[in-house]
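Content type TSV, C-alpha atoms and all ligand atoms, from the file target15.tsv:
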chain	number	residue	atom	x	y	z
A	9	MET	CA	-25.84	-0.21	-12.64
A	10	ALA	CA	-22.09	-0.43	-13.11
A	11	SER	CA	-22.08	-3.95	-11.74
A	12	ARG	CA	-24.80	-5.07	-14.17
A	13	TRP	CA	-22.91	-4.09	-17.29
A	14	GLN	CA	-19.65	-5.36	-15.92
A	15	ASN	CA	-21.22	-8.73	-15.18
A	16	LYS	CA	-22.05	-9.13	-18.81
A	17	LEU	CA	-18.59	-8.36	-20.12
A	18	GLN	CA	-16.30	-11.09	-21.25
A	19	PRO	CA	-13.31	-11.25	-18.91
A	20	VAL	CA	-10.84	-10.00	-21.54
A	21	MET	CA	-13.10	-7.11	-22.42
A	22	ALA	CA	-13.50	-6.21	-18.75
A	23	SER	CA	-9.76	-6.24	-18.36
A	24	PHE	CA	-9.25	-4.01	-21.38
A	25	ILE	CA	-11.85	-1.50	-20.23
A	26	LEU	CA	-10.41	-1.34	-16.73
A	27	MET	CA	-6.95	-0.68	-18.11
A	28	MET	CA	-8.23	2.02	-20.44
A	29	MET	CA	-10.04	3.63	-17.53
A	30	VAL	CA	-6.84	3.84	-15.54
A	31	ALA	CA	-5.00	5.29	-18.51
A	32	SER	CA	-7.65	7.92	-19.20
A	33	MET	CA	-7.96	8.88	-15.55
A	34	ARG	CA	-4.23	9.50	-15.48
A	35	GLY	CA	-4.81	12.42	-17.84
A	36	ASP	CA	-7.06	14.05	-15.23
A	37	VAL	CA	-4.41	14.03	-12.57
A	38	GLY	CA	-2.79	17.05	-14.22
A	39	VAL	CA	0.86	17.84	-13.68
A	40	GLN	CA	2.94	14.70	-14.03
A	41	ALA	CA	6.14	14.45	-12.14
A	42	GLN	CA	9.24	14.52	-14.27
A	43	LEU	CA	10.66	11.27	-13.15
A	44	VAL	CA	12.44	8.98	-15.61
A	45	ALA	CA	13.31	5.30	-15.60
A	46	ASP	CA	16.96	5.80	-16.65
A	47	PHE	CA	17.81	8.50	-14.09
A	48	TYR	CA	20.77	6.61	-12.58
A	49	ASP	CA	21.89	4.78	-15.73
A	50	SER	CA	25.17	6.68	-15.90
A	51	SER	CA	25.54	7.98	-12.32
A	52	CYS	CA	24.85	4.67	-10.54
A	53	PRO	CA	24.24	1.84	-13.00
A	54	ARG	CA	24.29	-0.78	-10.25
A	55	VAL	CA	21.53	0.70	-8.13
A	56	GLN	CA	18.76	-1.56	-9.44
A	57	SER	CA	20.69	-4.75	-8.81
A	58	LEU	CA	21.83	-3.58	-5.37
A	59	VAL	CA	18.26	-2.87	-4.29
A	60	ARG	CA	17.06	-6.15	-5.78
A	61	SER	CA	19.65	-8.24	-3.98
A	62	GLY	CA	19.02	-6.37	-0.72
A	63	MET	CA	15.31	-7.09	-1.00
A	64	ARG	CA	15.90	-10.71	-1.99
A	65	ALA	CA	18.00	-11.27	1.12
A	66	ALA	CA	15.51	-9.47	3.37
A	67	VAL	CA	12.51	-11.46	2.10
A	68	GLN	CA	14.45	-14.72	2.25
A	69	ASN	CA	15.13	-13.91	5.88
A	70	GLU	CA	11.49	-13.00	6.58
A	71	THR	CA	8.68	-13.38	4.03
A	72	ARG	CA	6.59	-10.64	5.63
A	73	MET	CA	9.26	-8.05	4.82
A	74	ALA	CA	7.92	-7.74	1.26
A	75	ALA	CA	4.63	-6.48	2.70
A	76	SER	CA	6.30	-4.22	5.26
A	77	ILE	CA	8.43	-2.44	2.64
A	78	LEU	CA	5.45	-1.97	0.32
A	79	ARG	CA	3.50	-0.34	3.14
A	80	LEU	CA	6.46	1.90	4.00
A	81	PHE	CA	6.39	3.27	0.46
A	82	PHE	CA	2.62	3.92	0.61
A	83	HIS	CA	2.96	5.73	3.93
A	84	ASP	CA	5.82	7.80	2.53
A	85	CYS	CA	3.95	8.90	-0.60
A	86	PHE	CA	0.73	9.93	1.17
A	87	VAL	CA	2.56	12.42	3.41
A	88	GLN	CA	4.31	15.31	1.60
A	89	GLY	CA	4.74	13.08	-1.47
A	90	CYS	CA	7.30	10.31	-2.07
A	91	ASP	CA	10.22	12.12	-0.44
A	92	ALA	CA	11.45	9.65	2.19
A	93	SER	CA	9.99	11.87	4.93
A	94	ILE	CA	8.74	8.67	6.55
A	95	LEU	CA	12.35	7.62	7.22
A	96	LEU	CA	13.34	10.72	9.21
A	97	ASP	CA	13.77	10.29	12.96
A	98	ASP	CA	12.31	12.83	15.38
A	99	THR	CA	14.65	15.64	16.37
A	100	ALA	CA	14.55	18.21	19.14
A	101	THR	CA	12.75	20.59	16.79
A	102	MET	CA	10.74	18.23	14.61
A	103	GLN	CA	8.21	15.52	15.42
A	104	GLY	CA	8.37	13.19	12.46
A	105	GLU	CA	5.97	10.68	10.98
A	106	LYS	CA	7.16	7.53	12.72
A	107	SER	CA	5.29	8.31	15.94
A	108	SER	CA	1.98	9.26	14.25
A	109	PHE	CA	-1.06	7.07	15.00
A	110	PRO	CA	-1.02	5.01	11.78
A	111	ASN	CA	2.74	4.42	11.99
A	112	ALA	CA	3.69	3.96	15.65
A	113	ASN	CA	4.37	0.33	16.64
A	114	SER	CA	3.31	-0.63	13.17
A	115	LEU	CA	5.70	0.33	10.38
A	116	ARG	CA	8.54	-2.08	9.80
A	117	GLY	CA	11.51	-2.48	7.51
A	118	PHE	CA	13.56	0.62	8.30
A	119	GLU	CA	16.67	-1.50	8.86
A	120	VAL	CA	16.24	-3.15	5.45
A	121	VAL	CA	16.25	0.28	3.78
A	122	ASP	CA	19.34	1.19	5.86
A	123	THR	CA	21.25	-1.89	4.68
A	124	ILE	CA	20.38	-1.26	1.04
A	125	LYS	CA	21.23	2.44	1.33
A	126	ALA	CA	24.62	1.62	2.90
A	127	ASN	CA	25.41	-0.76	0.02
A	128	VAL	CA	24.37	1.83	-2.55
A	129	GLU	CA	26.37	4.57	-0.79
A	130	SER	CA	29.48	2.43	-0.83
A	131	VAL	CA	29.25	2.12	-4.63
A	132	CYS	CA	27.82	5.56	-5.58
A	133	PRO	CA	28.19	7.95	-2.64
A	134	GLY	CA	25.76	10.87	-2.50
A	135	VAL	CA	23.94	9.95	-5.70
A	136	VAL	CA	20.81	7.88	-5.00
A	137	SER	CA	18.01	9.27	-2.84
A	138	CYS	CA	16.38	7.34	-0.03
A	139	ALA	CA	13.05	8.10	-1.73
A	140	ASP	CA	14.13	6.30	-4.92
A	141	ILE	CA	15.55	3.38	-2.97
A	142	LEU	CA	12.16	2.96	-1.31
A	143	ALA	CA	10.34	3.12	-4.66
A	144	LEU	CA	12.63	0.43	-6.14
A	145	ALA	CA	12.44	-1.71	-3.02
A	146	ALA	CA	8.62	-1.62	-3.06
A	147	ARG	CA	8.53	-2.78	-6.68
A	148	ASP	CA	11.03	-5.56	-5.92
A	149	ALA	CA	8.95	-6.57	-2.90
A	150	ILE	CA	5.91	-7.10	-5.10
A	151	VAL	CA	7.90	-9.12	-7.61
A	152	LEU	CA	9.28	-11.31	-4.83
A	153	ALA	CA	5.73	-11.96	-3.60
A	154	GLY	CA	4.76	-13.16	-7.11
A	155	GLY	CA	3.25	-9.89	-8.33
A	156	PRO	CA	3.81	-7.85	-11.49
A	157	THR	CA	6.89	-5.86	-12.44
A	158	TRP	CA	7.31	-2.48	-14.11
A	159	LYS	CA	9.96	0.16	-14.77
A	160	VAL	CA	10.19	2.41	-11.72
A	161	LEU	CA	10.40	6.10	-12.56
A	162	LEU	CA	13.28	7.73	-10.70
A	163	GLY	CA	14.82	11.09	-9.86
A	164	ARG	CA	13.12	11.82	-6.54
A	165	ARG	CA	15.11	13.72	-3.94
A	166	ASP	CA	14.82	13.52	-0.15
A	167	SER	CA	12.94	15.97	2.03
A	168	THR	CA	14.52	17.94	4.83
A	169	THR	CA	11.28	17.83	6.84
A	170	ALA	CA	8.62	15.37	7.90
A	171	SER	CA	5.11	15.92	9.19
A	172	TYR	CA	3.56	14.22	12.21
A	173	SER	CA	0.28	16.04	11.65
A	174	LEU	CA	-0.02	15.21	7.94
A	175	ALA	CA	0.74	11.57	8.72
A	176	ASN	CA	-2.21	11.60	11.12
A	177	SER	CA	-4.56	13.35	8.73
A	178	ASN	CA	-3.64	11.95	5.29
A	179	LEU	CA	-3.22	8.25	6.00
A	180	PRO	CA	-6.48	6.30	5.95
A	181	SER	CA	-7.60	4.55	9.10
A	182	PRO	CA	-8.72	0.88	9.13
A	183	SER	CA	-12.20	1.87	10.30
A	184	GLU	CA	-12.72	4.45	7.55
A	185	ASP	CA	-15.89	4.31	5.44
A	186	LEU	CA	-15.92	4.21	1.65
A	187	SER	CA	-16.57	7.88	0.93
A	188	SER	CA	-13.80	8.94	3.25
A	189	LEU	CA	-11.37	6.44	1.68
A	190	ILE	CA	-12.26	7.79	-1.75
A	191	SER	CA	-11.64	11.38	-0.58
A	192	LYS	CA	-8.28	10.56	0.95
A	193	PHE	CA	-7.11	9.00	-2.30
A	194	GLN	CA	-8.61	11.81	-4.34
A	195	ALA	CA	-6.71	14.33	-2.22
A	196	GLN	CA	-3.53	12.64	-3.48
A	197	GLY	CA	-4.65	12.74	-7.13
A	198	LEU	CA	-5.62	9.06	-7.07
A	199	SER	CA	-8.90	7.74	-8.42
A	200	THR	CA	-11.46	5.36	-6.96
A	201	LEU	CA	-10.06	2.68	-9.23
A	202	ASP	CA	-6.58	3.36	-7.79
A	203	LEU	CA	-8.10	2.94	-4.31
A	204	VAL	CA	-9.54	-0.47	-5.16
A	205	THR	CA	-6.40	-1.52	-7.02
A	206	LEU	CA	-3.87	-0.39	-4.42
A	207	SER	CA	-5.94	-1.87	-1.59
A	208	GLY	CA	-5.09	-5.16	-3.31
A	209	ALA	CA	-1.71	-4.77	-1.60
A	210	HIS	CA	-3.54	-6.38	1.32
A	211	THR	CA	-3.17	-9.66	-0.55
A	212	ILE	CA	0.04	-9.93	1.50
A	213	GLY	CA	1.05	-8.93	5.01
A	214	GLN	CA	-0.46	-8.84	8.44
A	215	ALA	CA	-2.45	-6.63	10.75
A	216	ARG	CA	-2.63	-6.37	14.53
A	217	CYS	CA	-5.87	-7.18	16.36
A	218	VAL	CA	-6.12	-3.60	17.59
A	219	ASN	CA	-6.86	-2.53	14.03
A	220	PHE	CA	-9.96	-4.68	13.55
A	221	LYS	CA	-11.09	-5.62	17.05
A	222	ASP	CA	-13.97	-3.16	16.91
A	223	ARG	CA	-15.50	-5.50	14.31
A	224	LEU	CA	-15.34	-8.50	16.62
A	225	TYR	CA	-16.86	-7.15	19.83
A	226	ASP	CA	-19.03	-4.10	19.50
A	227	GLU	CA	-19.55	-2.96	23.06
A	228	ASP	CA	-22.33	-0.59	22.06
A	229	VAL	CA	-24.59	-3.29	20.62
A	230	ASN	CA	-24.81	-5.99	23.33
A	231	ASN	CA	-21.35	-7.21	22.49
A	232	GLU	CA	-22.44	-7.98	18.96
A	233	ALA	CA	-19.91	-8.24	16.19
A	234	ASP	CA	-19.95	-6.54	12.80
A	235	PRO	CA	-22.85	-8.28	11.00
A	236	THR	CA	-21.06	-7.98	7.65
A	237	LEU	CA	-18.38	-10.46	8.76
A	238	ASP	CA	-18.65	-14.07	7.64
A	239	THR	CA	-19.58	-15.95	10.84
A	240	LYS	CA	-16.93	-18.66	10.58
A	241	TYR	CA	-14.25	-16.09	9.84
A	242	LEU	CA	-15.55	-14.05	12.77
A	243	SER	CA	-15.09	-16.88	15.25
A	244	GLN	CA	-11.58	-17.56	13.90
A	245	LEU	CA	-10.72	-13.92	14.47
A	246	GLN	CA	-12.32	-13.89	17.91
A	247	SER	CA	-10.15	-16.78	19.04
A	248	LEU	CA	-7.08	-14.96	17.72
A	249	CYS	CA	-8.06	-11.65	19.30
A	250	PRO	CA	-9.60	-11.94	22.78
A	251	SER	CA	-11.88	-9.12	23.88
A	252	GLU	CA	-9.33	-8.12	26.52
A	253	GLY	CA	-5.64	-7.93	25.60
A	254	GLY	CA	-3.90	-9.50	22.62
A	255	ASP	CA	-3.90	-6.21	20.73
A	256	ASP	CA	-0.61	-6.99	19.01
A	257	ASN	CA	-1.59	-10.51	17.91
A	258	LEU	CA	-1.35	-10.79	14.15
A	259	SER	CA	-3.77	-11.91	11.48
A	260	SER	CA	-3.09	-12.25	7.76
A	261	LEU	CA	-4.81	-9.60	5.69
A	262	ASP	CA	-5.60	-12.26	3.07
A	263	VAL	CA	-7.04	-15.29	4.85
A	264	GLN	CA	-6.69	-17.53	1.79
A	265	THR	CA	-3.17	-16.99	0.39
A	266	PRO	CA	-1.44	-14.69	2.89
A	267	THR	CA	1.96	-14.46	1.20
A	268	ARG	CA	1.03	-14.68	-2.48
A	269	PHE	CA	0.34	-11.63	-4.61
A	270	ASP	CA	-2.93	-12.70	-6.21
A	271	VAL	CA	-6.64	-11.77	-6.39
A	272	CYS	CA	-7.72	-13.76	-3.33
A	273	TYR	CA	-7.93	-10.49	-1.39
A	274	TYR	CA	-10.81	-9.54	-3.70
A	275	SER	CA	-12.54	-12.92	-3.62
A	276	ASN	CA	-12.39	-12.75	0.18
A	277	LEU	CA	-14.26	-9.43	0.05
A	278	LEU	CA	-17.05	-11.02	-1.98
A	279	LYS	CA	-17.33	-13.67	0.77
A	280	ASN	CA	-17.45	-11.11	3.60
A	281	LYS	CA	-13.96	-12.10	4.65
A	282	GLY	CA	-12.23	-8.74	4.43
A	283	LEU	CA	-10.14	-8.21	7.56
A	284	LEU	CA	-10.34	-4.44	8.01
A	285	THR	CA	-13.49	-2.36	7.79
A	286	SER	CA	-11.72	-0.35	5.09
A	287	ASP	CA	-11.24	-3.55	3.06
A	288	GLN	CA	-14.82	-4.77	3.36
A	289	GLU	CA	-16.18	-1.29	2.56
A	290	LEU	CA	-14.99	-1.72	-1.03
A	291	ALA	CA	-17.49	-4.53	-1.55
A	292	SER	CA	-20.22	-3.82	0.97
A	293	ASP	CA	-22.70	-2.30	-1.49
A	294	ASN	CA	-23.21	-4.38	-4.62
A	295	SER	CA	-24.45	-1.38	-6.58
A	296	SER	CA	-21.26	0.61	-5.97
A	297	THR	CA	-18.52	1.25	-8.50
A	298	THR	CA	-15.96	-0.21	-6.11
A	299	PHE	CA	-17.96	-3.45	-5.89
A	300	SER	CA	-17.91	-3.78	-9.67
A	301	TYR	CA	-14.12	-3.25	-9.74
A	302	VAL	CA	-13.66	-5.88	-7.02
A	303	GLN	CA	-15.84	-8.31	-8.91
A	304	SER	CA	-14.06	-7.80	-12.21
A	305	TYR	CA	-10.64	-8.35	-10.62
A	306	THR	CA	-11.80	-11.74	-9.34
A	307	GLN	CA	-12.97	-12.58	-12.85
A	308	THR	CA	-9.86	-11.32	-14.64
A	309	PRO	CA	-6.78	-11.54	-12.41
A	310	SER	CA	-4.54	-10.25	-15.21
A	311	SER	CA	-6.34	-6.90	-15.14
A	312	PHE	CA	-5.54	-6.55	-11.45
A	313	LEU	CA	-1.86	-7.26	-12.03
A	314	ALA	CA	-1.68	-4.82	-14.96
A	315	ASN	CA	-3.58	-2.09	-13.12
A	316	PHE	CA	-1.54	-2.56	-9.96
A	317	SER	CA	1.62	-1.56	-11.83
A	318	ILE	CA	-0.13	1.49	-13.26
A	319	SER	CA	-1.51	2.58	-9.89
A	320	MET	CA	1.87	2.08	-8.20
A	321	ILE	CA	3.46	4.38	-10.79
A	322	ALA	CA	0.71	6.93	-10.10
A	323	MET	CA	1.27	6.68	-6.35
A	324	GLY	CA	5.02	7.00	-6.91
A	325	ASN	CA	4.38	10.25	-8.79
A	326	ILE	CA	2.81	11.98	-5.79
A	327	GLY	CA	4.65	15.22	-5.04
A	328	PRO	CA	8.27	14.21	-5.65
A	329	LEU	CA	11.07	16.69	-4.98
A	330	ILE	CA	13.00	17.02	-8.20
A	331	GLY	CA	15.80	19.11	-9.71
A	332	THR	CA	17.48	21.14	-6.98
A	333	LEU	CA	14.75	20.67	-4.37
A	334	GLY	CA	15.53	18.69	-1.22
A	335	GLN	CA	18.75	16.74	-0.98
A	336	ILE	CA	20.29	13.30	-1.33
A	337	ARG	CA	20.49	12.18	2.28
A	338	THR	CA	23.59	10.21	3.23
A	339	ASN	CA	21.76	8.54	6.09
A	340	CYS	CA	18.02	8.06	5.52
A	341	HIS	CA	17.25	8.74	9.21
A	342	VAL	CA	18.63	12.30	9.33
A	343	ILE	CA	19.05	15.28	7.06
A	344	ASN	CA	22.59	16.03	5.90
A	401	LIG	C1	-7.11	1.99	1.59
A	401	LIG	C2	-6.73	2.34	2.77
A	401	LIG	C3	-5.81	1.54	3.64
A	401	LIG	C4	-5.95	1.34	4.97
A	401	LIG	C5	-7.05	1.89	5.85
A	401	LIG	C6	-4.86	0.50	5.40
A	401	LIG	C7	-4.64	0.11	6.70
A	401	LIG	C8	-3.72	-0.84	7.08
A	401	LIG	C9	-3.58	-1.37	8.41
A	401	LIG	C10	-4.38	-0.91	9.62
A	401	LIG	C11	-2.63	-2.32	8.37
A	401	LIG	C12	-2.14	-3.16	9.56
A	401	LIG	C13	-1.16	-2.37	10.38
A	401	LIG	C14	-0.89	-2.98	11.73
A	401	LIG	O1	-1.71	-3.76	12.20
A	401	LIG	O2	0.14	-2.66	12.34
A	401	LIG	C15	-2.15	-2.41	7.03
A	401	LIG	C16	-1.19	-3.27	6.58
A	401	LIG	C17	-0.67	-3.25	5.31
A	401	LIG	N1	-0.98	-2.35	4.32
A	401	LIG	FE1	-2.55	-1.10	4.29
A	401	LIG	N2	-4.08	0.21	4.31
A	401	LIG	C18	-4.61	0.83	3.21
A	401	LIG	C19	-4.08	0.83	1.94
A	401	LIG	C20	-2.87	0.28	1.61
A	401	LIG	C21	-2.15	0.53	0.39
A	401	LIG	C22	-2.60	1.51	-0.69
A	401	LIG	C23	-1.03	-0.23	0.43
A	401	LIG	C24	0.09	-0.34	-0.58
A	401	LIG	C25	-0.01	-0.01	-1.85
A	401	LIG	C26	-1.06	-0.98	1.67
A	401	LIG	C27	-0.16	-1.93	2.04
A	401	LIG	C28	-0.22	-2.64	3.23
A	401	LIG	C29	0.58	-3.81	3.50
A	401	LIG	C30	1.48	-4.52	2.50
A	401	LIG	C31	0.31	-4.18	4.82
A	401	LIG	C32	0.96	-5.32	5.63
A	401	LIG	C33	2.23	-4.77	6.27
A	401	LIG	C34	3.02	-5.78	7.07
A	401	LIG	O3	2.68	-6.95	7.13
A	401	LIG	O4	4.03	-5.33	7.67
A	401	LIG	N3	-2.18	-0.62	2.37
A	401	LIG	N4	-2.83	-1.49	6.25
Represent the supplied structure as structure tokens.
Amino acid sequence: MASRWQNKLQPVMASFILMMMVASMRGDVGVQAQLVADFYDSSCPRVQSLVRSGMRAAVQNETRMAASILRLFFHDCFVQGCDASILLDDTATMQGEKSSFPNANSLRGFEVVDTIKANVESVCPGVVSCADILALAARDAIVLAGGPTWKVLLGRRDSTTASYSLANSNLPSPSEDLSSLISKFQAQGLSTLDLVTLSGAHTIGQARCVNFKDRLYDEDVNNEADPTLDTKYLSQLQSLCPSEGGDDNLSSLDVQTPTRFDVCYYSNLLKNKGLLTSDQELASDNSSTTFSYVQSYTQTPSSFLANFSISMIAMGNIGPLIGTLGQIRTNCHVIN
């Protein structure tokens, strides 16, 4: 039903309604974190430009780094909130998040955060948290990939713990079905619209064969592949990812414009060219709410860009440590 009325809307109207929906849903989230955009204006006025130039250099060196930093921020926020717990190394008494199933051999960009943090520390020692650096770096990454910009709310402090088990349970898996994806986002105070919008991050970056190979060769069904995959796309992916080995071979998440922050991720879904099961699930049932969101983003790209900023702010508001909680780590890898 949702898709029928959305089909009839003029693009501008659809965009307006989607934005209003995000805004009204925000009210349901309840307690808003007390983060502010001008948090470092007097204590470290150069922080924004230091992060920006660090990200510019990193992305110039390797385009994919924009995607890797954005993912690092997502994986931080979904585990204990946006507290830089993702950056902590394991210790003798604590198994951290880096070795969890979604993160091991997969997360990248730690050294980029280290370089930026070192530059910030040399100008304003002990002032700016690793958690805020990550939030700023993720925004700058999106801008560098051609996406929208917004004012990042700041004032997060860094955790003194990390959680291997929460990383395994909270982060969505690539083979997750729609209802489970919705629940995992809901558990973080994020709506179904946030899920569809933030999944649009897969308009950039890459994934390893191991994360979608089950769609290419289903051993249970006479070696048949996932029937929801476009057949031409399927054979491309099969030649990239052989049935034996090649697990770390890489495919772009957006087959059309792999390094540009645009709505091609969504148009791919409508053509059965989503790379991960979790991507295709958003558009696999044309009577679902998620399908109607996907469709309207392809019709009105500006609503995707506007909503992406809003959903990133919402994700950045997940469980921050503020006030006297936590600490400002000197080195993002270890507690002080
Ligand atoms: C909705 C559930 C999601 C699932 C199941 C998921 C899963 C994955 C997987 C499996 C990969 C490839 C990892 C690898 O092969 O090593 C990946 C890559 C990526 N994800 Fe997600 N993701 C989700 C949502 C998000 C969100 C919300 C964001 C950010 C807002 C995001 C940003 C990225 C980016 C940018 C990459 C590419 C990273 C790179 O190239 O280094 N993902 N995701």
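Using only C-alpha atoms and all ligand atoms, we find that the residues with an atom at most 6 Å from any atom of ligand LIG 401 (chain A) are Arg72, Ala75, Ser76, Leu78, Arg79, Phe82, Ser114, Arg116, Pro180, Ser181, Pro182, Leu206, Ser207, Ala209, His210, Ile212, Gly213, Gln214, Ala215, Arg216, Asn219 and Ser286 of chain A.
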For the residues in the current selection, export C-alpha atoms as a CSV table (one decimal), in the frame of the given file.
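Wrote out-v6.csv, looks like this:
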chain,number,residue,atom,x,y,z
A,72,ARG,CA,6.6,-10.6,5.6
A,75,ALA,CA,4.6,-6.5,2.7
A,76,SER,CA,6.3,-4.2,5.3
A,78,LEU,CA,5.4,-2.0,0.3
A,79,ARG,CA,3.5,-0.3,3.1
A,82,PHE,CA,2.6,3.9,0.6
A,114,SER,CA,3.3,-0.6,13.2
A,116,ARG,CA,8.5,-2.1,9.8
A,180,PRO,CA,-6.5,6.3,6.0
A,181,SER,CA,-7.6,4.6,9.1
A,182,PRO,CA,-8.7,0.9,9.1
A,206,LEU,CA,-3.9,-0.4,-4.4
A,207,SER,CA,-5.9,-1.9,-1.6
A,209,ALA,CA,-1.7,-4.8,-1.6
A,210,HIS,CA,-3.5,-6.4,1.3
A,212,ILE,CA,0.0,-9.9,1.5
A,213,GLY,CA,1.0,-8.9,5.0
A,214,GLN,CA,-0.5,-8.8,8.4
A,215,ALA,CA,-2.4,-6.6,10.8
A,216,ARG,CA,-2.6,-6.4,14.5
A,219,ASN,CA,-6.9,-2.5,14.0
A,286,SER,CA,-11.7,-0.4,5.1
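The list of residues with at least one atom within 7 Å of A:Ser108, based on all atoms listed in the file and without residues fewer than 6 positions apart in the same chain, reads A:Tyr172, A:Ala175, A:Asn176.
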Please produce a file of those selected residues containing C-alpha atoms, as a short mmCIF file (atom, residue, chain, number, x, y, z; two decimals), in the frame of the given file.
data_model
loop_
_atom_site.label_atom_id
_atom_site.label_comp_id
_atom_site.auth_asym_id
_atom_site.auth_seq_id
_atom_site.Cartn_x
_atom_site.Cartn_y
_atom_site.Cartn_z
CA TYR A 172 3.56 14.22 12.21
CA ALA A 175 0.74 11.57 8.72
CA ASN A 176 -2.21 11.60 11.12
#
Shortest contact to A:Ile150, candidates A:Ser173, A:Asn294, A:Ser300, A:Ser317, atoms counted only C-alpha atoms, goes to A:Ser317
From the list A:Ala100, A:Cys132, A:Val87, A:Ala145, which residue is nearest A:Thr338 when using only C-alpha atoms?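 Closest to A:Thr338, using only C-alpha atoms: A:Cys132.
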Protein/DNA/RNA residues near (7.4, 10.7, -5.1), cut 12 Å, all atoms listed in the file, as a PyMOL selection string: chain A and resi 40-44+81-94+137-144+160-167+196+320-330
Between atom CA of A:Thr267 and atom CA of A:Val151, what is the distance in Å, rounded to a tenth?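 According to the coordinates, atom CA of A:Thr267 and atom CA of A:Val151 are separated by 11.9 Å.
The spacing separating atom CA of A:Ser311 from atom CA of A:Pro156 amounts to 10.8 Å.
For the set A:Gln68, A:Ser130, A:Ser292, A:Ser310, the residue with the smallest atom-to-atom gap to A:Ala153 is A:Gln68, counting all atoms listed in the file.
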Using Å and a single decimal, report how far atom CA of A:Gln335 sits from atom CA of A:Gln194.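 Computing it gives 28.0 Å between the two atoms.
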